[in-house]
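Notes to accompany the following structure.
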Amino acid sequence: MNILVTLNANYLKPLRVMLKSLFQNNEGEYFQIYLIHTSLTEEELEALRQFIEVHGSHLHDIRVGENFFSDAPILLHYTKEMYFRLLAYQLLPESLDRILYLDPDILVLNRIRGLYETELSDYLYAAAYHDKISVKEINKLRLLPYEIDEYFNSGVLLMNLEQLRIQADEKEIYRFVEENRSKLIMPDQDILNALYAKQIKKLDEKLYNYDARYYSYYKLISNGVYDMEYIINNTVILHFCGKKKPWTKRYNGKFHSLYKHYEKCANEVEI
């Protein structure tokens with residue numbers, strides 16, 4: 001299976017935790033990990049490569065130089081790295097027909113092959129949206145006049161690379177950014193929804209992009225079905241969305257202990 005990650009050195013430790021959870025809960029699978037970055041050192045890459053190889057998988061290092069996306073408009077503190085997810089099809093080998101993008105602030109709790117083999121047909125992506133009225137309605141209004149019914153989270157994206165090479169247009173993305181600078185809050189996610197929402201296949205958020213902030217909400221609306229036992233046994237992707245992250249000292253979310261468990265496992269790996 002092909003896995004895509006894009007990050008800088010600040011997220012290397014969370015990446016190791018995410019990968020450890022992926023490897024540990026998918027024994028017997030072989031992963032090709034594609035890393036797109038601009039500034040990781042050879043020492044950082046070698047340490048990550050060894051960590052991945054110890055778990056029987058392989059790292060592909062794709063370094064993006066200054067000449068890439070040189071025409072891309074930049075927003076405030078958002079750099080050109082925000083385009084890596086959306087334009088990954090340009091940087092990845094043409095031999096790949098699909099890849100699963102994962103944010104580093106994720107835990108993989110169960111087997112991922114079912115998600116990876118999701119039938120895409122002519123869809124560009126498969127992704128989940130968080131079905132809270134406040135989230136959906138605010139973003140629908142914010143991204144007017146673009147007609148979106150759901151606001152998809154870009155932290156878990158199954159990409160149909162064959163279709164993206166045919167249909168996606170980087171100039172359209174750049175034009176959207178230039179025309180909507182004042183509206184964009186989460187640029188890559190806003191772009192994804194405004195331009196491609198109708199070409200995204202819907203995934204079940206409780207299985208494939210469970211927002212760790214909303215445990216009580218999910219449990220309430222399901223009359224107790226989506227409890228901790230359900231999550232541990234069924235949820236594939238647990239996503240620590242938002243500004244508060246489980247690797248920080250002040251985090252006290254519902255799944256903090258679970259995250260610390262995988263963090264400890266990642267730190268114990270002998271290379």
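Simple scheme: letters A, B, ... for chains in structure tokens order, numbers from 1 for residues in each chain, numbers from 1 for ligands in the order shown.
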Contacts of Glu94 of chain A within 10 Å, only C-alpha atoms, excl. fewer than 6 positions in-chain, as a list in words =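 Here the answer would be Leu161, Glu162 and Arg165 of chain A.
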Selection file, N, CA and C atoms, as a tab-separated table (two decimals), in the first residue's frame:
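This is the output file part.tsv:
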```
chain	number	residue	atom	x	y	z
A	161	LEU	N	-4.92	8.99	-8.29
A	161	LEU	CA	-3.87	9.70	-9.00
A	161	LEU	C	-4.09	9.69	-10.51
A	162	GLU	N	-4.65	8.60	-11.03
A	162	GLU	CA	-4.91	8.55	-12.47
A	162	GLU	C	-5.87	9.66	-12.90
A	165	ARG	N	-4.37	13.31	-12.51
A	165	ARG	CA	-3.48	13.71	-13.60
A	165	ARG	C	-4.26	14.19	-14.81
```
Contact residues around segment 240-249 of chain A with only C-alpha atoms at 10 Å, ignoring same-chain residues under 5 positions, as a PyMOL selection string = chain A and resi 13-14+17+103-107+153+155+209-214+254-260+263
Give me a file of those residues, with C-alpha atoms, as a compact mmCIF listing (two decimals), in the first residue's frame.
```
# COMPACT_ATOMS: atom_id res chain seq x y z
CA LYS A 13 8.13 12.73 16.24
CA PRO A 14 4.34 12.67 15.70
CA VAL A 17 3.93 7.66 16.42
CA ASP A 103 -1.73 13.68 8.60
CA PRO A 104 0.91 13.03 11.29
CA ASP A 105 -1.61 13.84 14.08
CA ILE A 106 -3.37 10.52 13.54
CA LEU A 107 -3.48 7.10 15.16
CA ASN A 153 -11.45 17.10 6.19
CA GLY A 155 -6.25 14.98 6.93
CA ASN A 209 -11.62 10.18 10.32
CA TYR A 210 -12.89 10.12 13.89
CA ASP A 211 -12.42 13.59 15.40
CA ALA A 212 -10.95 12.99 18.86
CA ARG A 213 -12.50 16.23 20.15
CA TYR A 214 -16.06 14.97 19.71
CA LYS A 254 -10.20 11.70 26.04
CA PHE A 255 -7.60 9.74 24.07
CA HIS A 256 -4.46 11.12 25.68
CA SER A 257 -3.52 7.83 27.36
CA LEU A 258 -4.00 5.94 24.12
CA TYR A 259 -1.71 8.34 22.29
CA LYS A 260 0.93 8.11 25.02
CA GLU A 263 4.28 7.22 21.64
```
Restricting the calculation to only C-alpha atoms, which member of A:Ser57, A:Thr235, A:Gln50, A:Asn67 is positioned closest to Gly28 of chain A?
-> A:Ser57
Using atom CA of Leu100 of chain A and atom CA of Met159 of chain A as the two end points, give the distance in Å to one decimal.
-> 6.1 Å
Show me, as a JSON list (two decimals) with N, CA and C atoms, in the first residue's frame, the residues that have an atom within 9 Å of Leu4 of chain A when counting only C-alpha atoms, minus same-chain residues fewer than 4 positions from it.
```json
[["chain", "number", "residue", "atom", "x", "y", "z"],
["A", 32, "GLN", "N", 4.67, 1.36, 1.24],
["A", 32, "GLN", "CA", 5.58, 2.28, 0.57],
["A", 32, "GLN", "C", 5.23, 3.67, 1.08],
["A", 33, "ILE", "N", 6.11, 4.24, 1.91],
["A", 33, "ILE", "CA", 5.87, 5.54, 2.52],
["A", 33, "ILE", "C", 6.52, 6.62, 1.66],
["A", 34, "TYR", "N", 5.71, 7.50, 1.08],
["A", 34, "TYR", "CA", 6.22, 8.60, 0.27],
["A", 34, "TYR", "C", 6.18, 9.87, 1.10],
["A", 35, "LEU", "N", 7.34, 10.47, 1.28],
["A", 35, "LEU", "CA", 7.49, 11.68, 2.09],
["A", 35, "LEU", "C", 7.87, 12.85, 1.18],
["A", 36, "ILE", "N", 6.99, 13.87, 1.13],
["A", 36, "ILE", "CA", 7.28, 15.08, 0.37],
["A", 36, "ILE", "C", 7.66, 16.17, 1.37],
["A", 85, "ARG", "N", -0.14, 18.51, -0.84],
["A", 85, "ARG", "CA", -1.22, 17.52, -0.88],
["A", 85, "ARG", "C", -1.99, 17.60, -2.19],
["A", 88, "ALA", "N", 0.25, 16.70, -5.29],
["A", 88, "ALA", "CA", 1.13, 15.54, -5.10],
["A", 88, "ALA", "C", 1.21, 14.68, -6.36],
["A", 99, "ILE", "N", -2.96, 6.56, -3.78],
["A", 99, "ILE", "CA", -2.14, 6.70, -2.58],
["A", 99, "ILE", "C", -3.03, 7.25, -1.47],
["A", 100, "LEU", "N", -2.72, 6.88, -0.24],
["A", 100, "LEU", "CA", -3.50, 7.34, 0.91],
["A", 100, "LEU", "C", -2.68, 8.36, 1.67],
["A", 101, "TYR", "N", -3.16, 9.61, 1.69],
["A", 101, "TYR", "CA", -2.50, 10.65, 2.47],
["A", 101, "TYR", "C", -2.99, 10.60, 3.91],
["A", 102, "LEU", "N", -2.04, 10.71, 4.86],
["A", 102, "LEU", "CA", -2.37, 10.74, 6.29],
["A", 102, "LEU", "C", -1.63, 11.88, 6.97],
["A", 103, "ASP", "N", -2.36, 12.68, 7.75],
["A", 103, "ASP", "CA", -1.73, 13.68, 8.60],
["A", 103, "ASP", "C", -0.91, 12.99, 9.69]]
```
May I ask which of the residues A:Glu66, A:Glu44, A:Asp190, A:Glu229 is the closest one to Glu150 of chain A, counting only C-alpha atoms?
->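 Checking each of A:Glu66, A:Glu44, A:Asp190, A:Glu229 against Glu150 of chain A, counting only C-alpha atoms, the winner is A:Asp190.
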Shell around Lys206 of chain A at 9 Å using only C-alpha atoms, local window under 3 positions removed, as a VMD selection string | chain A and resid 128 130 203 209 to 211 218 226 231 234 to 238
Take atom CA of Ser182 of chain A and atom CA of Leu195 of chain A and report the distance between them in Å, one decimal.
->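 Answer for the atom CA of Ser182 of chain A to atom CA of Leu195 of chain A separation: 16.8 Å.
Closest approach to Phe69 of chain A from the set A:Tyr30, A:Tyr262, A:Tyr208, A:Tyr174 is made by A:Tyr174, with distances taken over only C-alpha atoms.
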Can you check which residues of segment 135-217 of chain A DSSP gives as alpha helix (DSSP H) on the backbone and send them as a PyMOL selection string?
-> chain A and resi 135-142+161-167+170-179+187-196+205-208+215-217
Export of the given selection (N, CA and C atoms) as a short mmCIF file (atom, residue, chain, number, x, y, z; two decimals), in the first residue's frame:
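Dumped to selection00.cif:
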```
data_model
loop_
_atom_site.label_atom_id
_atom_site.label_comp_id
_atom_site.auth_asym_id
_atom_site.auth_seq_id
_atom_site.Cartn_x
_atom_site.Cartn_y
_atom_site.Cartn_z
N VAL A 135 -20.23 23.14 11.97
CA VAL A 135 -19.07 23.06 11.07
C VAL A 135 -19.50 23.19 9.62
N LYS A 136 -20.53 22.44 9.23
CA LYS A 136 -20.96 22.44 7.84
C LYS A 136 -21.50 23.79 7.40
N GLU A 137 -22.39 24.36 8.20
CA GLU A 137 -23.06 25.59 7.79
C GLU A 137 -22.11 26.78 7.73
N ILE A 138 -21.21 26.89 8.72
CA ILE A 138 -20.26 28.00 8.72
C ILE A 138 -19.38 27.95 7.48
N ASN A 139 -18.90 26.76 7.13
CA ASN A 139 -18.01 26.65 5.98
C ASN A 139 -18.75 26.79 4.65
N LYS A 140 -20.02 26.38 4.60
CA LYS A 140 -20.81 26.60 3.39
C LYS A 140 -20.98 28.09 3.13
N LEU A 141 -21.24 28.85 4.19
CA LEU A 141 -21.40 30.30 4.04
C LEU A 141 -20.07 30.97 3.70
N ARG A 142 -19.02 30.51 4.35
CA ARG A 142 -17.70 31.13 4.17
C ARG A 142 -17.19 30.95 2.74
N LEU A 161 -4.92 8.99 -8.29
CA LEU A 161 -3.87 9.70 -9.00
C LEU A 161 -4.09 9.69 -10.51
N GLU A 162 -4.65 8.60 -11.03
CA GLU A 162 -4.91 8.55 -12.47
C GLU A 162 -5.87 9.66 -12.90
N GLN A 163 -6.96 9.83 -12.15
CA GLN A 163 -7.94 10.86 -12.49
C GLN A 163 -7.41 12.26 -12.21
N LEU A 164 -6.64 12.41 -11.14
CA LEU A 164 -6.07 13.72 -10.82
C LEU A 164 -5.15 14.21 -11.93
N ARG A 165 -4.37 13.31 -12.51
CA ARG A 165 -3.48 13.71 -13.60
C ARG A 165 -4.26 14.19 -14.81
N ILE A 166 -5.48 13.69 -14.97
CA ILE A 166 -6.32 14.08 -16.10
C ILE A 166 -7.10 15.35 -15.81
N GLN A 167 -7.66 15.45 -14.60
CA GLN A 167 -8.65 16.50 -14.31
C GLN A 167 -8.12 17.70 -13.52
N GLU A 170 -3.41 22.94 -11.81
CA GLU A 170 -2.77 23.79 -10.80
C GLU A 170 -3.09 25.26 -11.01
N LYS A 171 -3.29 25.69 -12.25
CA LYS A 171 -3.61 27.09 -12.50
C LYS A 171 -4.96 27.46 -11.91
N GLU A 172 -5.89 26.51 -11.94
CA GLU A 172 -7.20 26.74 -11.33
C GLU A 172 -7.06 26.91 -9.83
N ILE A 173 -6.18 26.13 -9.22
CA ILE A 173 -5.92 26.24 -7.78
C ILE A 173 -5.31 27.59 -7.45
N TYR A 174 -4.31 28.01 -8.21
CA TYR A 174 -3.65 29.29 -7.97
C TYR A 174 -4.64 30.45 -8.13
N ARG A 175 -5.49 30.34 -9.15
CA ARG A 175 -6.48 31.39 -9.39
C ARG A 175 -7.46 31.48 -8.22
N PHE A 176 -7.88 30.34 -7.72
CA PHE A 176 -8.80 30.33 -6.58
C PHE A 176 -8.16 31.02 -5.37
N VAL A 177 -6.90 30.73 -5.11
CA VAL A 177 -6.22 31.34 -3.97
C VAL A 177 -6.14 32.85 -4.12
N GLU A 178 -5.77 33.31 -5.32
CA GLU A 178 -5.66 34.74 -5.56
C GLU A 178 -6.99 35.46 -5.37
N GLU A 179 -8.08 34.82 -5.79
CA GLU A 179 -9.39 35.45 -5.75
C GLU A 179 -10.06 35.38 -4.39
N PRO A 187 -6.13 26.90 4.14
CA PRO A 187 -6.03 27.03 2.68
C PRO A 187 -6.17 25.75 1.88
N ASP A 188 -5.37 24.71 2.19
CA ASP A 188 -5.44 23.51 1.37
C ASP A 188 -6.80 22.84 1.49
N GLN A 189 -7.38 22.84 2.69
CA GLN A 189 -8.68 22.23 2.91
C GLN A 189 -9.79 23.05 2.25
N ASP A 190 -9.68 24.36 2.33
CA ASP A 190 -10.65 25.22 1.66
C ASP A 190 -10.61 25.03 0.15
N ILE A 191 -9.41 24.95 -0.40
CA ILE A 191 -9.26 24.73 -1.84
C ILE A 191 -9.88 23.40 -2.24
N LEU A 192 -9.57 22.36 -1.49
CA LEU A 192 -10.09 21.02 -1.77
C LEU A 192 -11.61 21.03 -1.85
N ASN A 193 -12.25 21.69 -0.89
CA ASN A 193 -13.71 21.69 -0.83
C ASN A 193 -14.33 22.58 -1.89
N ALA A 194 -13.79 23.76 -2.08
CA ALA A 194 -14.38 24.69 -3.04
C ALA A 194 -14.30 24.15 -4.47
N LEU A 195 -13.17 23.55 -4.81
CA LEU A 195 -12.96 23.12 -6.19
C LEU A 195 -13.38 21.69 -6.47
N TYR A 196 -13.30 20.82 -5.45
CA TYR A 196 -13.45 19.39 -5.74
C TYR A 196 -14.49 18.66 -4.90
N GLU A 205 -17.08 9.03 8.77
CA GLU A 205 -16.14 9.69 9.68
C GLU A 205 -15.87 8.89 10.94
N LYS A 206 -16.87 8.14 11.44
CA LYS A 206 -16.66 7.35 12.66
C LYS A 206 -15.65 6.24 12.46
N LEU A 207 -15.48 5.82 11.21
CA LEU A 207 -14.51 4.77 10.90
C LEU A 207 -13.19 5.33 10.40
N TYR A 208 -13.24 6.34 9.56
CA TYR A 208 -12.06 6.72 8.80
C TYR A 208 -11.53 8.13 9.06
N TYR A 215 -15.79 13.03 21.15
CA TYR A 215 -16.19 11.73 21.71
C TYR A 215 -17.59 11.80 22.32
N SER A 216 -17.85 12.77 23.17
CA SER A 216 -19.15 12.88 23.85
C SER A 216 -20.27 13.11 22.84
N TYR A 217 -19.99 13.90 21.81
CA TYR A 217 -20.99 14.18 20.77
C TYR A 217 -21.35 12.92 20.01
#
```
Name the residues of segment 15-229 of chain A that fall into strand (DSSP E or B) according to DSSP on the backbone, using the chain letters and numbers of this document, as number ranges by chain.
-> A: 32-37, 58-63, 75, 78, 98-102, 106-108, 125-129, 152, 156-160, 200-203, 210-211
If you keep C-alpha atoms, can you produce a file of those selected residues as an mmCIF file, in the first residue's frame?
```cif
data_model
loop_
_atom_site.group_PDB
_atom_site.id
_atom_site.type_symbol
_atom_site.label_atom_id
_atom_site.label_comp_id
_atom_site.auth_asym_id
_atom_site.auth_seq_id
_atom_site.Cartn_x
_atom_site.Cartn_y
_atom_site.Cartn_z
ATOM 1 C CA GLN A 32 5.580 2.275 0.568
ATOM 2 C CA ILE A 33 5.865 5.537 2.516
ATOM 3 C CA TYR A 34 6.216 8.598 0.267
ATOM 4 C CA LEU A 35 7.490 11.681 2.087
ATOM 5 C CA ILE A 36 7.282 15.081 0.373
ATOM 6 C CA HIS A 37 9.309 17.811 2.089
ATOM 7 C CA HIS A 58 10.164 1.367 2.633
ATOM 8 C CA LEU A 59 10.662 5.149 2.573
ATOM 9 C CA HIS A 60 10.643 7.207 -0.627
ATOM 10 C CA ASP A 61 12.134 10.653 -0.094
ATOM 11 C CA ILE A 62 10.779 13.382 -2.415
ATOM 12 C CA ARG A 63 12.510 16.681 -1.812
ATOM 13 C CA LEU A 75 -0.800 33.381 2.150
ATOM 14 C CA TYR A 78 1.176 29.530 4.926
ATOM 15 C CA ARG A 98 -3.593 5.605 -5.886
ATOM 16 C CA ILE A 99 -2.137 6.703 -2.577
ATOM 17 C CA LEU A 100 -3.497 7.342 0.905
ATOM 18 C CA TYR A 101 -2.505 10.651 2.468
ATOM 19 C CA LEU A 102 -2.367 10.739 6.285
ATOM 20 C CA ILE A 106 -3.366 10.519 13.540
ATOM 21 C CA LEU A 107 -3.482 7.099 15.156
ATOM 22 C CA VAL A 108 -4.314 4.067 13.011
ATOM 23 C CA TYR A 125 -10.639 11.585 -3.770
ATOM 24 C CA ALA A 126 -12.317 9.715 -0.963
ATOM 25 C CA ALA A 127 -12.574 11.607 2.328
ATOM 26 C CA ALA A 128 -14.793 12.146 5.367
ATOM 27 C CA TYR A 129 -16.573 15.238 6.629
ATOM 28 C CA PHE A 152 -14.426 17.494 3.884
ATOM 29 C CA VAL A 156 -7.196 11.612 5.446
ATOM 30 C CA LEU A 157 -7.333 11.576 1.654
ATOM 31 C CA LEU A 158 -7.459 8.560 -0.610
ATOM 32 C CA MET A 159 -6.213 9.959 -3.915
ATOM 33 C CA ASN A 160 -7.137 8.709 -7.363
ATOM 34 C CA ILE A 200 -15.002 13.421 -3.447
ATOM 35 C CA LYS A 201 -16.434 10.066 -2.400
ATOM 36 C CA LYS A 202 -17.844 10.201 1.121
ATOM 37 C CA LEU A 203 -16.256 8.069 3.840
ATOM 38 C CA TYR A 210 -12.893 10.118 13.890
ATOM 39 C CA ASP A 211 -12.415 13.587 15.403
#
```
Quick one, how far is atom CA of Ile271 of chain A from atom CA of Thr38 of chain A?
-> 25.1 Å
Show which residues sit within 7 Å of Leu40 of chain A, as a list in words. Count only C-alpha atoms, and ignore same-chain residues fewer than 4 positions away.
->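 Selected residues are Asn8, Ala9, Glu44 and Leu45 of chain A.
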Could you dump the residues just selected with C-alpha atoms as a compact mmCIF listing (two decimals), in the first residue's frame?
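The resulting part.txt:
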```txt
# COMPACT_ATOMS: atom_id res chain seq x y z
CA ASN A 8 8.78 19.49 8.14
CA ALA A 9 11.11 18.55 11.00
CA GLU A 44 16.69 13.08 9.88
CA LEU A 45 15.83 11.16 6.75
```
From the list A:Leu96, A:His239, A:Asp204, A:Leu87, which residue is nearest Ala168 of chain A when using only C-alpha atoms?
->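 Residue with the minimum atom-to-atom distance to Ala168 of chain A: A:Leu87.
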